[in-house]
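Here's the structure we're looking at; comments come further down.
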Amino acid sequence: LYVEHPLGQGQTIPLSRDQAHYLFGVMRQGVGDAVLLFNGRDGEWRAEVAEAGKRSGTLVCEAQTTPQRDPPDLWLLFAPIKKARTDFIVEKAAEMGAARIVPVQTDFTNSERIRQDRLQAHAVEAAEQCGGTFVPEVTGLQKLDTLLTNWPEERQLMFCDEALAGAGATLRAAGGERWAILIGPEGGFSETERTRLSALPFAHPVSLGPRILRADTAAVAALTVWQQALGD
Ligand code: SAM
């Protein structure tokens, strides 16, 4: 269960109404039962239910079961698409170990509004489901142009370019541990973006195979390729 509270020996964790409903109503837990907790910072802890009400409850932390483990410093930049597919991308990126998820506005981005809180909640759920101790940060929508202009030093960019489909452009470790993956929108990248990206020293154009993948498939494929080549 994800909580925001700090976790430590003897720490008391008050539950929200939704958490109490989930634990005691849905999961049928009660006083004395053990619950595994994480907050994205302090690893995983075993806690015991001390009070169980219909709309509230308290847990007490007993012992750490897994130390905190942060994923490699990988960002996923993607142009948001239809709501359900955007949710899918965030969920899969969280499962596959992205540390930061950045929706980007490109020349052909078709969805210009995102619900950051909703996407962040999906990232939390995905982390809960795959037993991770880390929750990636989902940022607000950012312009690709601005991101590239203020690009952080020493971060490499895996630029997934559909124009290279079948060109055999593979990912090569280019030194440095910090990476970002860039996935374009349904309409792909504009020629202006492609020209700019191809000239940037930190951008590495990569093909994801001979077929043009849908953006959500491309995101999962790119994360797999990156994890295979450079993940730990
Ligand atoms: N409308 C574009 C076209 O027909 O050429 C396709 C865009 S594709 C649906 C969305 C994004 O997925 C692309 O911008 C790219 O980042 C990524 N992508 C899809 N297939 C790819 C491939 N074979 N190689 C590299 N990137 C790919």
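In the structure tokens, the first chain shown is A, the next is B, and so on; residue numbers restart at 1 for each chain, and ligands run from 1 in the order shown.
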For Ser190 (chain A), find every residue with an atom within 7 Å (counting only C-alpha atoms), except residues of its own chain fewer than 3 positions away, and show them as a count of residues only. 3
Spatial neighbours of Ala20 (chain A), max dist 10 Å, only C-alpha atoms, sep filter under 4 positions, as a list of chain:residue names: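 These residues fall inside the cut-off: A:Pro14, A:Leu15, A:Ser16, A:Phe24, A:Gly25, A:Val26, A:Met27, A:Gln29, A:Glu51, A:Ala52, A:Gly53, A:Lys54, A:Arg55, A:Ser56, A:Gly57, A:Thr58.
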How about saving the chosen residues, C-alpha atoms kept, as a PDB file, in the first residue's frame?
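Ended up saving to selection-v7.pdb:
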```pdb
ATOM      1  CA  PRO A  14      -3.001   7.295   9.855  1.00  0.00           C
ATOM      2  CA  LEU A  15      -5.096   5.979   6.958  1.00  0.00           C
ATOM      3  CA  SER A  16      -7.232   8.065   4.634  1.00  0.00           C
ATOM      4  CA  PHE A  24     -10.876  -3.168   5.835  1.00  0.00           C
ATOM      5  CA  GLY A  25     -13.832  -3.193   3.426  1.00  0.00           C
ATOM      6  CA  VAL A  26     -12.359  -4.669   0.240  1.00  0.00           C
ATOM      7  CA  MET A  27      -9.365  -6.675   1.525  1.00  0.00           C
ATOM      8  CA  GLN A  29      -8.050  -6.867   6.923  1.00  0.00           C
ATOM      9  CA  GLU A  51      -7.143   0.454  14.637  1.00  0.00           C
ATOM     10  CA  ALA A  52      -9.660  -0.444  11.951  1.00  0.00           C
ATOM     11  CA  GLY A  53     -12.738   1.721  11.386  1.00  0.00           C
ATOM     12  CA  LYS A  54     -15.082   2.077   8.447  1.00  0.00           C
ATOM     13  CA  ARG A  55     -13.621   5.378   7.358  1.00  0.00           C
ATOM     14  CA  SER A  56     -10.349   5.567   9.255  1.00  0.00           C
ATOM     15  CA  GLY A  57      -7.658   3.436  10.762  1.00  0.00           C
ATOM     16  CA  THR A  58      -4.079   3.337  11.993  1.00  0.00           C
TER      17      THR A  58
END
```
With DSSP run on the backbone, what are the alpha helix (DSSP H) residues within region 28-185 of chain A? I'd like them as a compact mmCIF listing (two decimals) with N, CA and C atoms, in the first residue's frame.
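Saved file out-v8.txt follows:
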```
# COMPACT_ATOMS: atom_id res chain seq x y z
N LYS A 83 -6.92 9.61 -24.10
CA LYS A 83 -6.81 9.44 -22.65
C LYS A 83 -6.42 8.03 -22.21
N ALA A 84 -7.14 7.04 -22.71
CA ALA A 84 -6.88 5.66 -22.25
C ALA A 84 -5.47 5.22 -22.64
N ARG A 85 -5.02 5.67 -23.81
CA ARG A 85 -3.68 5.26 -24.26
C ARG A 85 -2.59 6.01 -23.50
N THR A 86 -2.87 7.23 -23.13
CA THR A 86 -1.93 8.00 -22.31
C THR A 86 -1.81 7.34 -20.93
N ASP A 87 -2.95 6.95 -20.37
CA ASP A 87 -2.95 6.24 -19.08
C ASP A 87 -2.09 4.99 -19.18
N PHE A 88 -2.26 4.27 -20.30
CA PHE A 88 -1.51 3.03 -20.52
C PHE A 88 0.00 3.32 -20.53
N ILE A 89 0.40 4.37 -21.24
CA ILE A 89 1.83 4.70 -21.34
C ILE A 89 2.41 4.98 -19.95
N VAL A 90 1.68 5.76 -19.15
CA VAL A 90 2.17 6.11 -17.81
C VAL A 90 2.28 4.86 -16.94
N GLU A 91 1.25 4.02 -17.02
CA GLU A 91 1.26 2.80 -16.21
C GLU A 91 2.45 1.91 -16.59
N LYS A 92 2.64 1.71 -17.90
CA LYS A 92 3.72 0.82 -18.34
C LYS A 92 5.09 1.42 -18.05
N ALA A 93 5.22 2.73 -18.21
CA ALA A 93 6.51 3.38 -17.94
C ALA A 93 6.86 3.22 -16.46
N ALA A 94 5.85 3.33 -15.58
CA ALA A 94 6.11 3.16 -14.14
C ALA A 94 6.52 1.72 -13.87
N GLU A 95 5.85 0.78 -14.50
CA GLU A 95 6.20 -0.64 -14.30
C GLU A 95 7.60 -0.94 -14.80
N GLN A 116 -2.57 15.90 -14.79
CA GLN A 116 -1.33 15.45 -14.15
C GLN A 116 -1.63 14.62 -12.89
N ASP A 117 -2.63 15.05 -12.09
CA ASP A 117 -2.93 14.33 -10.85
C ASP A 117 -3.41 12.91 -11.14
N ARG A 118 -4.22 12.80 -12.20
CA ARG A 118 -4.74 11.49 -12.58
C ARG A 118 -3.61 10.58 -13.07
N LEU A 119 -2.70 11.15 -13.86
CA LEU A 119 -1.58 10.35 -14.37
C LEU A 119 -0.65 9.95 -13.23
N GLN A 120 -0.44 10.88 -12.28
CA GLN A 120 0.40 10.55 -11.12
C GLN A 120 -0.23 9.40 -10.32
N ALA A 121 -1.57 9.43 -10.19
CA ALA A 121 -2.26 8.35 -9.46
C ALA A 121 -2.06 7.01 -10.19
N HIS A 122 -2.05 7.03 -11.52
CA HIS A 122 -1.79 5.80 -12.28
C HIS A 122 -0.38 5.28 -11.99
N ALA A 123 0.58 6.21 -11.89
CA ALA A 123 1.96 5.80 -11.62
C ALA A 123 2.05 5.16 -10.23
N VAL A 124 1.33 5.70 -9.26
CA VAL A 124 1.33 5.13 -7.90
C VAL A 124 0.73 3.72 -7.94
N GLU A 125 -0.40 3.57 -8.63
CA GLU A 125 -1.04 2.25 -8.73
C GLU A 125 -0.13 1.23 -9.39
N ALA A 126 0.57 1.67 -10.44
CA ALA A 126 1.46 0.75 -11.15
C ALA A 126 2.60 0.32 -10.23
N ALA A 127 3.15 1.27 -9.45
CA ALA A 127 4.23 0.94 -8.52
C ALA A 127 3.72 -0.03 -7.46
N GLU A 128 2.50 0.19 -6.99
CA GLU A 128 1.91 -0.71 -5.98
C GLU A 128 1.78 -2.10 -6.55
N GLN A 129 1.31 -2.17 -7.78
CA GLN A 129 1.02 -3.48 -8.38
C GLN A 129 2.29 -4.28 -8.67
N LEU A 144 8.31 20.55 -26.23
CA LEU A 144 9.54 19.87 -26.65
C LEU A 144 10.64 20.89 -26.93
N ASP A 145 10.25 21.94 -27.63
CA ASP A 145 11.18 22.99 -27.99
C ASP A 145 11.92 23.55 -26.75
N THR A 146 11.16 23.86 -25.70
CA THR A 146 11.75 24.42 -24.48
C THR A 146 12.64 23.38 -23.79
N LEU A 147 12.16 22.14 -23.77
CA LEU A 147 12.95 21.08 -23.13
C LEU A 147 14.31 20.95 -23.81
N LEU A 148 14.30 20.97 -25.14
CA LEU A 148 15.56 20.79 -25.88
C LEU A 148 16.48 21.99 -25.68
N THR A 149 15.89 23.17 -25.60
CA THR A 149 16.70 24.38 -25.40
C THR A 149 17.39 24.36 -24.03
```
DSSP on the backbone: what in region 63-208 of chain A comes out strand (DSSP E), as a VMD selection string? chain A and resid 63 to 66 74 to 78 100 to 105 137 to 138 142 to 143 155 to 160 178 to 183 203 to 206
Could you save those same residues with C-alpha atoms as a PDB file, in the first residue's frame?
```pdb
ATOM      1  CA  ALA A  63      10.190  -3.721  10.336  1.00  0.00           C
ATOM      2  CA  GLN A  64      11.658  -2.892   6.963  1.00  0.00           C
ATOM      3  CA  THR A  65      11.182  -5.784   4.517  1.00  0.00           C
ATOM      4  CA  THR A  66      13.026  -4.282   1.505  1.00  0.00           C
ATOM      5  CA  LEU A  74      15.654   7.363 -16.957  1.00  0.00           C
ATOM      6  CA  TRP A  75      13.038   9.797 -18.249  1.00  0.00           C
ATOM      7  CA  LEU A  76      10.266   8.983 -20.685  1.00  0.00           C
ATOM      8  CA  LEU A  77       9.191  11.915 -22.845  1.00  0.00           C
ATOM      9  CA  PHE A  78       6.046  11.224 -24.861  1.00  0.00           C
ATOM     10  CA  ARG A 100      10.355  10.564 -14.528  1.00  0.00           C
ATOM     11  CA  ILE A 101       7.494  10.700 -17.005  1.00  0.00           C
ATOM     12  CA  VAL A 102       7.201  13.877 -19.056  1.00  0.00           C
ATOM     13  CA  PRO A 103       4.244  14.547 -21.380  1.00  0.00           C
ATOM     14  CA  VAL A 104       5.543  16.754 -24.196  1.00  0.00           C
ATOM     15  CA  GLN A 105       3.878  19.044 -26.659  1.00  0.00           C
ATOM     16  CA  GLU A 137       7.227  11.637 -10.955  1.00  0.00           C
ATOM     17  CA  VAL A 138       4.753  12.628 -13.677  1.00  0.00           C
ATOM     18  CA  GLN A 142       6.102  20.648 -21.396  1.00  0.00           C
ATOM     19  CA  LYS A 143       6.996  22.014 -24.822  1.00  0.00           C
ATOM     20  CA  ARG A 155      21.748  13.469 -20.274  1.00  0.00           C
ATOM     21  CA  GLN A 156      21.526  11.403 -23.453  1.00  0.00           C
ATOM     22  CA  LEU A 157      18.364  11.255 -25.534  1.00  0.00           C
ATOM     23  CA  MET A 158      17.112   8.113 -27.263  1.00  0.00           C
ATOM     24  CA  PHE A 159      15.198   9.723 -30.121  1.00  0.00           C
ATOM     25  CA  CYS A 160      12.722   7.141 -31.462  1.00  0.00           C
ATOM     26  CA  ARG A 178      21.402   9.583 -17.480  1.00  0.00           C
ATOM     27  CA  TRP A 179      19.035   9.011 -20.337  1.00  0.00           C
ATOM     28  CA  ALA A 180      15.701  10.116 -21.710  1.00  0.00           C
ATOM     29  CA  ILE A 181      13.528   8.366 -24.303  1.00  0.00           C
ATOM     30  CA  LEU A 182      11.487  10.458 -26.738  1.00  0.00           C
ATOM     31  CA  ILE A 183       8.325   9.096 -28.389  1.00  0.00           C
ATOM     32  CA  ALA A 203      20.346  12.911 -29.311  1.00  0.00           C
ATOM     33  CA  HIS A 204      20.724   9.345 -30.586  1.00  0.00           C
ATOM     34  CA  PRO A 205      18.254   8.471 -33.367  1.00  0.00           C
ATOM     35  CA  VAL A 206      16.964   4.933 -32.918  1.00  0.00           C
TER      36      VAL A 206
END
```
Taking 4 positions as the minimum chain separation for residues in the same chain, which residues sit within 10 Å of Gly209 (chain A) when counting only C-alpha atoms? Answer as a PDB file with C-alpha atoms, in the first residue's frame.
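Output file result.pdb follows:
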```pdb
ATOM      1  CA  GLU A 162       9.630   6.484 -37.148  1.00  0.00           C
ATOM      2  CA  LEU A 164      14.203   5.306 -39.409  1.00  0.00           C
ATOM      3  CA  ALA A 165      11.856   2.302 -39.250  1.00  0.00           C
ATOM      4  CA  GLY A 166      13.828  -0.559 -40.740  1.00  0.00           C
ATOM      5  CA  ALA A 167      17.023   1.483 -41.046  1.00  0.00           C
ATOM      6  CA  GLY A 168      18.643  -0.652 -38.354  1.00  0.00           C
ATOM      7  CA  ALA A 169      19.588   2.328 -36.169  1.00  0.00           C
ATOM      8  CA  THR A 170      20.210   0.654 -32.836  1.00  0.00           C
ATOM      9  CA  LEU A 213       4.283   1.187 -34.088  1.00  0.00           C
ATOM     10  CA  ALA A 218       6.478   2.339 -29.248  1.00  0.00           C
ATOM     11  CA  ALA A 221       9.205  -1.183 -27.017  1.00  0.00           C
TER      12      ALA A 221
END
```
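Close contacts of Gly184 (chain A), defined as residues with an atom at most 6 Å away when counting only C-alpha atoms, with chain neighbours fewer than 4 positions off set aside, comprise A:Ala79, A:Gly188, A:Phe189.
Near Leu36 (chain A), within 9 Å and counting only C-alpha atoms, sit Leu1, Tyr2, Glu44, Trp45, Arg46, Ala47, Glu48 and Thr65 of chain A; same-chain residues fewer than 6 positions away were not included.
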Can you work out which one of A:Thr224, A:Gln68, A:Thr217, A:Ser207 has the shortest atom-to-atom distance to ligand 1, counting only C-alpha atoms and all ligand atoms?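 Among the listed residues, A:Ser207 lies closest to ligand 1.
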Nearby residues (only C-alpha atoms) at most 8 Å from Ile114 (chain A), same-chain spacing under 2 positions excluded, as a ChimeraX atom specification: /A:80,111-112,116,140-141
